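Worksheet: one structure, shown below.
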Amino acid sequence: MTLYFKNGKYTQKDEVTVSIDDRGYYFGDGVYEVIKVYGGSLYTAEEHFTRFLSSAEKIRMPLPYTVAEFTEIAERLAEDNGITEGHVYIQATRGVAPRIHNFPGEETEPMITGYAIENPRPLAKLESGVAVKTVDDIRWLRCDIKSLNLLANVMAKQEAVEAGCAEAVFIRDGIVTEGSSSNIFGVKDGILYTHPATNLILNGITRRVVLKCCAQESIGVMEETFSLDELRAMDEVFLTSTTSEITPITSIDGEQVGDGKPGPLTARLQAVFESTIGQVQQKTN
Ligand code: PDD
């Protein structure tokens with residue numbers, strides 16, 4: 001039995017139907033969040049739902065719940081579905097209305113749906129690292145919005161997978177922006193580099209946790225753009241996301257990064273990150 005959430009009601013999956021007139025279905029007109037569950041507890045829920053409300057505001061779609069209310073919904077989904085290690089998915093579309101591009105009238109309410117599923121930590125990848133492929137960043141200029149419109153990301157990830165890689169790394173005008181569903185970091189001479197949180201990337205919650213860990217550990221950080229050539233010359237490279245945590249990148253377009261093995265600073269940050277997961281579990285258990 002899996003409980004799903006739809007506009008204020010908890011229901012069975014079979015009972016959740018989506019209208020052909022849903023604007024998410026027609027236009028990708030909506031926003032979403034993926035929140036990790038560790039040991040039955042939500043991780044960084046406040047940050048995720050604050051970003052969710054901010055994404056919704058940026059597309060001028062008022063949502064009827066607060067950060068605290070969304071957190072309660074996500075907690076209930078995780079708890080009632082008995083999720084120990086997994087994630088909660090929540091999305092909101094601009095609702096159901098006959099297909100016209102401009103916004104529907106005010107009587108149209110957002111369609112909010114969500115569910116929770118088991119999804120174990122990718123331990124093998126965290127330990128051994130992954131290969132990535134670079135692709136042109138053909139996305140729009142509001143990548144800071146966690147929009148449902150993911151066609152360019154889908155195409156990029158597919159291209160990477162067909163090349164035997166785990167992730168696609170977007171390159172815009174020679175600059176490394178982010179992954180198709182992750183943020184990208186490089187390490188050179190002990191300093192961590194990552195693209196600044198502009199309109200060209202999603203400011204990942206895991207990215208922010210990594211930056212906090214660096215501050216705590218007195219690791220130097222440069223939130224500055226770097227080129228693909230600079231990425232290739234990094235000592236270490238890794239990606240971050242809610243579901244991938246801190247995953248080492250050991251090769252880029254078939255060329256190995258450093259000595260081709262996950263690097264020491266990446267391992268250190270993984271350990272610090274791991275301690276933040278432990279804190280969540282201790283706090284709520
Ligand atoms: N993706 N950049 C993009 C384009 C993303 O889609 C994601 C996350 C990230 C990392 O953000 P965070 O650390 O907050 O998960 C960066 C999620 C996991 C997804 O679409 O499944």
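Just remember, in the structure tokens the first chain shown is A, the second B, etc., residues are 1-based per chain, and ligands are 1-based in the order shown.
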
Run DSSP on the backbone and give me the residues of range 26-268 of chain A it puts in strand (DSSP E), as a count of residues only.
73

Residues near range 145-160 of chain A, anyone? I mean within 7 Å using only C-alpha atoms, not counting same-chain ones fewer than 2 positions away, as a list in words.
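Returned residues: Gly28, Asp29, Gly30, Val31, Tyr32, Ser55, Val132, Lys133, Val135, Ile138, Arg139, Arg142, Cys143, Glu162, Ala163, Gly164, Cys165, Ala166, Glu167, Ala168, Ser180 and Leu202 of chain A.
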
Find the spatial neighbours of Tyr89 in chain A, counting only C-alpha atoms, within a cut-off of 12 Å - ignore same-chain residues fewer than 6 positions away - and output them as a PDB file with N, CA, C and O atoms, in the first residue's frame.
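That gives us part14.pdb:
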```pdb
ATOM      1  N   TYR A   4      -0.256   8.317  -1.678  1.00  0.00           N
ATOM      2  CA  TYR A   4       0.116   9.455  -2.493  1.00  0.00           C
ATOM      3  C   TYR A   4      -0.620  10.682  -1.974  1.00  0.00           C
ATOM      4  O   TYR A   4      -1.661  10.560  -1.334  1.00  0.00           O
ATOM      5  N   PHE A   5      -0.072  11.843  -2.275  1.00  0.00           N
ATOM      6  CA  PHE A   5      -0.726  13.082  -1.863  1.00  0.00           C
ATOM      7  C   PHE A   5      -1.237  13.788  -3.099  1.00  0.00           C
ATOM      8  O   PHE A   5      -0.546  13.886  -4.111  1.00  0.00           O
ATOM      9  N   VAL A  31       6.734  23.316 -10.918  1.00  0.00           N
ATOM     10  CA  VAL A  31       8.025  23.203 -10.227  1.00  0.00           C
ATOM     11  C   VAL A  31       8.006  21.960  -9.339  1.00  0.00           C
ATOM     12  O   VAL A  31       6.935  21.406  -9.060  1.00  0.00           O
ATOM     13  N   TYR A  32       9.192  21.529  -8.889  1.00  0.00           N
ATOM     14  CA  TYR A  32       9.241  20.296  -8.093  1.00  0.00           C
ATOM     15  C   TYR A  32      10.393  20.316  -7.112  1.00  0.00           C
ATOM     16  O   TYR A  32      11.281  21.173  -7.197  1.00  0.00           O
ATOM     17  N   GLU A  33      10.388  19.342  -6.202  1.00  0.00           N
ATOM     18  CA  GLU A  33      11.495  19.133  -5.268  1.00  0.00           C
ATOM     19  C   GLU A  33      11.665  17.634  -5.013  1.00  0.00           C
ATOM     20  O   GLU A  33      10.696  16.869  -5.067  1.00  0.00           O
ATOM     21  N   VAL A  34      12.899  17.262  -4.735  1.00  0.00           N
ATOM     22  CA  VAL A  34      13.218  15.894  -4.309  1.00  0.00           C
ATOM     23  C   VAL A  34      13.923  16.023  -2.960  1.00  0.00           C
ATOM     24  O   VAL A  34      14.951  16.701  -2.869  1.00  0.00           O
ATOM     25  N   ILE A  35      13.348  15.402  -1.930  1.00  0.00           N
ATOM     26  CA  ILE A  35      13.908  15.534  -0.576  1.00  0.00           C
ATOM     27  C   ILE A  35      14.331  14.162  -0.089  1.00  0.00           C
ATOM     28  O   ILE A  35      13.550  13.205  -0.132  1.00  0.00           O
ATOM     29  N   LYS A  36      15.550  14.060   0.401  1.00  0.00           N
ATOM     30  CA  LYS A  36      16.087  12.763   0.824  1.00  0.00           C
ATOM     31  C   LYS A  36      15.556  12.379   2.206  1.00  0.00           C
ATOM     32  O   LYS A  36      15.339  13.236   3.066  1.00  0.00           O
ATOM     33  N   VAL A  37      15.342  11.078   2.380  1.00  0.00           N
ATOM     34  CA  VAL A  37      14.952  10.523   3.683  1.00  0.00           C
ATOM     35  C   VAL A  37      16.086   9.606   4.144  1.00  0.00           C
ATOM     36  O   VAL A  37      16.476   8.689   3.421  1.00  0.00           O
ATOM     37  N   LEU A  42      13.441  13.285   7.246  1.00  0.00           N
ATOM     38  CA  LEU A  42      13.732  14.151   6.103  1.00  0.00           C
ATOM     39  C   LEU A  42      15.054  14.877   6.343  1.00  0.00           C
ATOM     40  O   LEU A  42      15.342  15.291   7.464  1.00  0.00           O
ATOM     41  N   ALA A  45      14.848  19.529   4.883  1.00  0.00           N
ATOM     42  CA  ALA A  45      13.497  19.783   4.343  1.00  0.00           C
ATOM     43  C   ALA A  45      13.210  21.275   4.251  1.00  0.00           C
ATOM     44  O   ALA A  45      12.613  21.740   3.273  1.00  0.00           O
ATOM     45  N   HIS A  48      14.755  22.735   1.192  1.00  0.00           N
ATOM     46  CA  HIS A  48      14.074  22.289  -0.030  1.00  0.00           C
ATOM     47  C   HIS A  48      12.742  23.016  -0.224  1.00  0.00           C
ATOM     48  O   HIS A  48      12.443  23.489  -1.323  1.00  0.00           O
ATOM     49  N   PHE A  49      11.940  23.112   0.838  1.00  0.00           N
ATOM     50  CA  PHE A  49      10.622  23.723   0.643  1.00  0.00           C
ATOM     51  C   PHE A  49      10.706  25.244   0.525  1.00  0.00           C
ATOM     52  O   PHE A  49       9.847  25.860  -0.109  1.00  0.00           O
ATOM     53  N   PHE A  52      11.374  25.507  -3.013  1.00  0.00           N
ATOM     54  CA  PHE A  52      10.141  25.155  -3.743  1.00  0.00           C
ATOM     55  C   PHE A  52       9.235  26.381  -3.859  1.00  0.00           C
ATOM     56  O   PHE A  52       8.759  26.734  -4.949  1.00  0.00           O
ATOM     57  N   PHE A  70       4.330  22.088   4.011  1.00  0.00           N
ATOM     58  CA  PHE A  70       4.902  21.142   3.034  1.00  0.00           C
ATOM     59  C   PHE A  70       5.766  20.102   3.756  1.00  0.00           C
ATOM     60  O   PHE A  70       5.774  18.927   3.387  1.00  0.00           O
ATOM     61  N   THR A  71       6.483  20.552   4.773  1.00  0.00           N
ATOM     62  CA  THR A  71       7.327  19.610   5.525  1.00  0.00           C
ATOM     63  C   THR A  71       6.458  18.551   6.190  1.00  0.00           C
ATOM     64  O   THR A  71       6.785  17.359   6.168  1.00  0.00           O
ATOM     65  N   ILE A  73       3.546  17.476   5.183  1.00  0.00           N
ATOM     66  CA  ILE A  73       3.053  16.580   4.123  1.00  0.00           C
ATOM     67  C   ILE A  73       4.136  15.551   3.781  1.00  0.00           C
ATOM     68  O   ILE A  73       3.881  14.338   3.716  1.00  0.00           O
ATOM     69  N   ALA A  74       5.359  16.036   3.596  1.00  0.00           N
ATOM     70  CA  ALA A  74       6.466  15.139   3.223  1.00  0.00           C
ATOM     71  C   ALA A  74       6.759  14.144   4.346  1.00  0.00           C
ATOM     72  O   ALA A  74       7.011  12.959   4.092  1.00  0.00           O
ATOM     73  N   GLU A  75       6.676  14.631   5.584  1.00  0.00           N
ATOM     74  CA  GLU A  75       6.923  13.739   6.733  1.00  0.00           C
ATOM     75  C   GLU A  75       5.883  12.633   6.777  1.00  0.00           C
ATOM     76  O   GLU A  75       6.201  11.465   6.988  1.00  0.00           O
ATOM     77  N   LEU A  77       4.107  11.455   4.278  1.00  0.00           N
ATOM     78  CA  LEU A  77       4.314  10.519   3.157  1.00  0.00           C
ATOM     79  C   LEU A  77       5.440   9.532   3.482  1.00  0.00           C
ATOM     80  O   LEU A  77       5.323   8.332   3.233  1.00  0.00           O
ATOM     81  N   ALA A  78       6.529  10.062   4.052  1.00  0.00           N
ATOM     82  CA  ALA A  78       7.673   9.185   4.373  1.00  0.00           C
ATOM     83  C   ALA A  78       7.280   8.200   5.475  1.00  0.00           C
ATOM     84  O   ALA A  78       7.561   7.003   5.386  1.00  0.00           O
ATOM     85  N   ILE A 112      -1.136  19.967  -6.758  1.00  0.00           N
ATOM     86  CA  ILE A 112       0.022  19.578  -5.951  1.00  0.00           C
ATOM     87  C   ILE A 112      -0.029  18.079  -5.695  1.00  0.00           C
ATOM     88  O   ILE A 112      -1.033  17.569  -5.167  1.00  0.00           O
ATOM     89  N   THR A 113       1.000  17.383  -6.095  1.00  0.00           N
ATOM     90  CA  THR A 113       1.037  15.932  -5.902  1.00  0.00           C
ATOM     91  C   THR A 113       2.370  15.536  -5.281  1.00  0.00           C
ATOM     92  O   THR A 113       3.364  16.259  -5.409  1.00  0.00           O
ATOM     93  N   GLY A 114       2.380  14.385  -4.617  1.00  0.00           N
ATOM     94  CA  GLY A 114       3.623  13.927  -4.011  1.00  0.00           C
ATOM     95  C   GLY A 114       3.562  12.474  -3.613  1.00  0.00           C
ATOM     96  O   GLY A 114       2.482  11.893  -3.485  1.00  0.00           O
ATOM     97  N   TYR A 115       4.734  11.889  -3.448  1.00  0.00           N
ATOM     98  CA  TYR A 115       4.822  10.496  -2.980  1.00  0.00           C
ATOM     99  C   TYR A 115       6.190  10.290  -2.351  1.00  0.00           C
ATOM    100  O   TYR A 115       7.087  11.148  -2.478  1.00  0.00           O
ATOM    101  N   ALA A 116       6.338   9.154  -1.681  1.00  0.00           N
ATOM    102  CA  ALA A 116       7.638   8.816  -1.080  1.00  0.00           C
ATOM    103  C   ALA A 116       8.012   7.404  -1.520  1.00  0.00           C
ATOM    104  O   ALA A 116       7.148   6.528  -1.563  1.00  0.00           O
ATOM    105  N   ILE A 117       9.270   7.190  -1.880  1.00  0.00           N
ATOM    106  CA  ILE A 117       9.710   5.839  -2.250  1.00  0.00           C
ATOM    107  C   ILE A 117      11.060   5.500  -1.622  1.00  0.00           C
ATOM    108  O   ILE A 117      11.847   6.392  -1.315  1.00  0.00           O
ATOM    109  N   GLU A 118      11.277   4.190  -1.468  1.00  0.00           N
ATOM    110  CA  GLU A 118      12.589   3.708  -1.016  1.00  0.00           C
ATOM    111  C   GLU A 118      13.593   3.964  -2.142  1.00  0.00           C
ATOM    112  O   GLU A 118      13.270   3.778  -3.325  1.00  0.00           O
ATOM    113  N   ASN A 119      14.788   4.371  -1.794  1.00  0.00           N
ATOM    114  CA  ASN A 119      15.839   4.617  -2.779  1.00  0.00           C
ATOM    115  C   ASN A 119      17.164   4.595  -2.021  1.00  0.00           C
ATOM    116  O   ASN A 119      17.585   5.606  -1.473  1.00  0.00           O
ATOM    117  N   THR A 242      20.822  15.668  -4.283  1.00  0.00           N
ATOM    118  CA  THR A 242      20.087  15.061  -3.181  1.00  0.00           C
ATOM    119  C   THR A 242      20.240  13.536  -3.183  1.00  0.00           C
ATOM    120  O   THR A 242      20.490  12.935  -2.148  1.00  0.00           O
ATOM    121  N   THR A 243      20.101  12.931  -4.357  1.00  0.00           N
ATOM    122  CA  THR A 243      20.150  11.470  -4.410  1.00  0.00           C
ATOM    123  C   THR A 243      21.574  10.937  -4.637  1.00  0.00           C
ATOM    124  O   THR A 243      21.876   9.817  -4.253  1.00  0.00           O
TER     125      THR A 243
END
```

Near-range 276-279 of chain A list (12 Å; only C-alpha atoms; drop same-chain fewer than 6 positions) as a list in words
Lys36, Val37, Tyr38, Gly39, Gly40, Ser41, Leu42, Tyr43, Thr44, Glu85, Arg121, Thr206, Val209, Val210, Lys212, Cys213, Gln216, Thr242, Glu245, Leu269, Gln270 and Asn285 of chain A

Of the residues A:Glu127, A:Asp259, A:Glu46, A:Glu178, which is the one nearest to ligand 1, using only C-alpha atoms and all ligand atoms?
A:Glu178

Can you list, as a PyMOL selection string, every protein, DNA or RNA residue that comes within 6 Å of Val237 in chain A when you count only C-alpha atoms, leaving out same-chain residues fewer than 6 positions away?
chain A and resi 185-186+249

Only all heavy atoms, please: the residues just picked out, written as a PDB file, in the first residue's frame.
```pdb
ATOM      1  N   PHE A 185      31.734  20.260  -9.030  1.00  0.00           N
ATOM      2  CA  PHE A 185      32.827  20.879  -8.262  1.00  0.00           C
ATOM      3  C   PHE A 185      34.168  20.357  -8.773  1.00  0.00           C
ATOM      4  O   PHE A 185      34.272  19.197  -9.162  1.00  0.00           O
ATOM      5  CB  PHE A 185      32.744  20.484  -6.774  1.00  0.00           C
ATOM      6  CG  PHE A 185      31.587  21.092  -6.028  1.00  0.00           C
ATOM      7  CD1 PHE A 185      30.306  20.593  -6.178  1.00  0.00           C
ATOM      8  CD2 PHE A 185      31.797  22.153  -5.152  1.00  0.00           C
ATOM      9  CE1 PHE A 185      29.248  21.151  -5.480  1.00  0.00           C
ATOM     10  CE2 PHE A 185      30.737  22.716  -4.446  1.00  0.00           C
ATOM     11  CZ  PHE A 185      29.458  22.213  -4.610  1.00  0.00           C
ATOM     12  N   GLY A 186      35.186  21.224  -8.713  1.00  0.00           N
ATOM     13  CA  GLY A 186      36.543  20.787  -9.022  1.00  0.00           C
ATOM     14  C   GLY A 186      37.471  21.196  -7.893  1.00  0.00           C
ATOM     15  O   GLY A 186      37.197  22.173  -7.180  1.00  0.00           O
ATOM     16  N   ILE A 249      33.924  12.107  -9.570  1.00  0.00           N
ATOM     17  CA  ILE A 249      33.970  11.944 -11.030  1.00  0.00           C
ATOM     18  C   ILE A 249      35.399  11.535 -11.373  1.00  0.00           C
ATOM     19  O   ILE A 249      36.346  12.261 -11.059  1.00  0.00           O
ATOM     20  CB  ILE A 249      33.572  13.255 -11.743  1.00  0.00           C
ATOM     21  CG1 ILE A 249      32.085  13.543 -11.491  1.00  0.00           C
ATOM     22  CG2 ILE A 249      33.860  13.159 -13.248  1.00  0.00           C
ATOM     23  CD1 ILE A 249      31.593  14.866 -12.065  1.00  0.00           C
TER      24      ILE A 249
END
```

Polymer residues at most 10 Å from Ala267 in chain A, only C-alpha atoms, same-chain spacing of 5 or more positions, as a list in words
Leu126, Glu127, Ile246, Thr247, Pro248, Pro262, Val272 and Phe273 of chain A

With N, CA, C and O atoms retained, could you export that selection as a PDB file, in the first residue's frame?
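Final output, selection_6.pdb:
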```
ATOM      1  N   LEU A 126      29.493   6.101  -4.769  1.00  0.00           N
ATOM      2  CA  LEU A 126      30.114   7.032  -3.820  1.00  0.00           C
ATOM      3  C   LEU A 126      31.560   6.617  -3.567  1.00  0.00           C
ATOM      4  O   LEU A 126      32.444   7.448  -3.375  1.00  0.00           O
ATOM      5  N   GLU A 127      31.799   5.313  -3.597  1.00  0.00           N
ATOM      6  CA  GLU A 127      33.139   4.818  -3.309  1.00  0.00           C
ATOM      7  C   GLU A 127      34.045   4.849  -4.544  1.00  0.00           C
ATOM      8  O   GLU A 127      35.185   5.300  -4.467  1.00  0.00           O
ATOM      9  N   ILE A 246      27.672  13.234  -2.566  1.00  0.00           N
ATOM     10  CA  ILE A 246      28.935  13.727  -3.150  1.00  0.00           C
ATOM     11  C   ILE A 246      29.532  12.545  -3.898  1.00  0.00           C
ATOM     12  O   ILE A 246      30.089  11.632  -3.298  1.00  0.00           O
ATOM     13  N   THR A 247      29.375  12.548  -5.228  1.00  0.00           N
ATOM     14  CA  THR A 247      29.863  11.423  -6.036  1.00  0.00           C
ATOM     15  C   THR A 247      31.131  11.828  -6.787  1.00  0.00           C
ATOM     16  O   THR A 247      31.113  12.790  -7.568  1.00  0.00           O
ATOM     17  N   PRO A 248      32.233  11.105  -6.555  1.00  0.00           N
ATOM     18  CA  PRO A 248      33.471  11.437  -7.279  1.00  0.00           C
ATOM     19  C   PRO A 248      33.296  11.235  -8.783  1.00  0.00           C
ATOM     20  O   PRO A 248      32.588  10.325  -9.210  1.00  0.00           O
ATOM     21  N   PRO A 262      38.982   8.386  -6.967  1.00  0.00           N
ATOM     22  CA  PRO A 262      38.412   9.465  -6.141  1.00  0.00           C
ATOM     23  C   PRO A 262      39.509  10.099  -5.288  1.00  0.00           C
ATOM     24  O   PRO A 262      40.374   9.396  -4.768  1.00  0.00           O
ATOM     25  N   VAL A 272      32.525  14.362   6.057  1.00  0.00           N
ATOM     26  CA  VAL A 272      31.858  15.454   6.783  1.00  0.00           C
ATOM     27  C   VAL A 272      30.363  15.446   6.447  1.00  0.00           C
ATOM     28  O   VAL A 272      29.510  15.605   7.324  1.00  0.00           O
ATOM     29  N   PHE A 273      30.064  15.232   5.156  1.00  0.00           N
ATOM     30  CA  PHE A 273      28.654  15.161   4.735  1.00  0.00           C
ATOM     31  C   PHE A 273      27.936  14.050   5.489  1.00  0.00           C
ATOM     32  O   PHE A 273      26.827  14.229   6.005  1.00  0.00           O
TER      33      PHE A 273
END
```

Between A:Tyr193, A:Trp140, A:Tyr10, A:Phe226, which has the minimum distance to ligand 1 (counting only C-alpha atoms and all ligand atoms)?
A:Trp140

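Of the listed residues (A:Asp253, A:Asp14, A:Glu79, A:Asp137), A:Asp137 comes nearest to ligand 1; the distances count only C-alpha atoms and all ligand atoms.
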
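Neighbouring residues of Ser227 in chain A at 6 Å or closer, counting only C-alpha atoms and skipping chain neighbours under 6 positions away, are A:Gly174, A:Ile175, A:Val176.
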
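Among A:Ser218, A:Thr225, A:Thr108, A:Gln91, the residue with the shortest atom-to-atom distance to ligand 1, counting only C-alpha atoms and all ligand atoms, is A:Gln91.
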
Using only C-alpha atoms and all ligand atoms, which residue out of A:Lys58, A:Arg51, A:Arg172, A:Lys261 lies closest to ligand 1?
A:Arg51

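Checking A:Ala197, A:Val18, A:Val130, A:Ala56 one by one against ligand 1, counting only C-alpha atoms and all ligand atoms, you find the shortest gap at A:Ala197.
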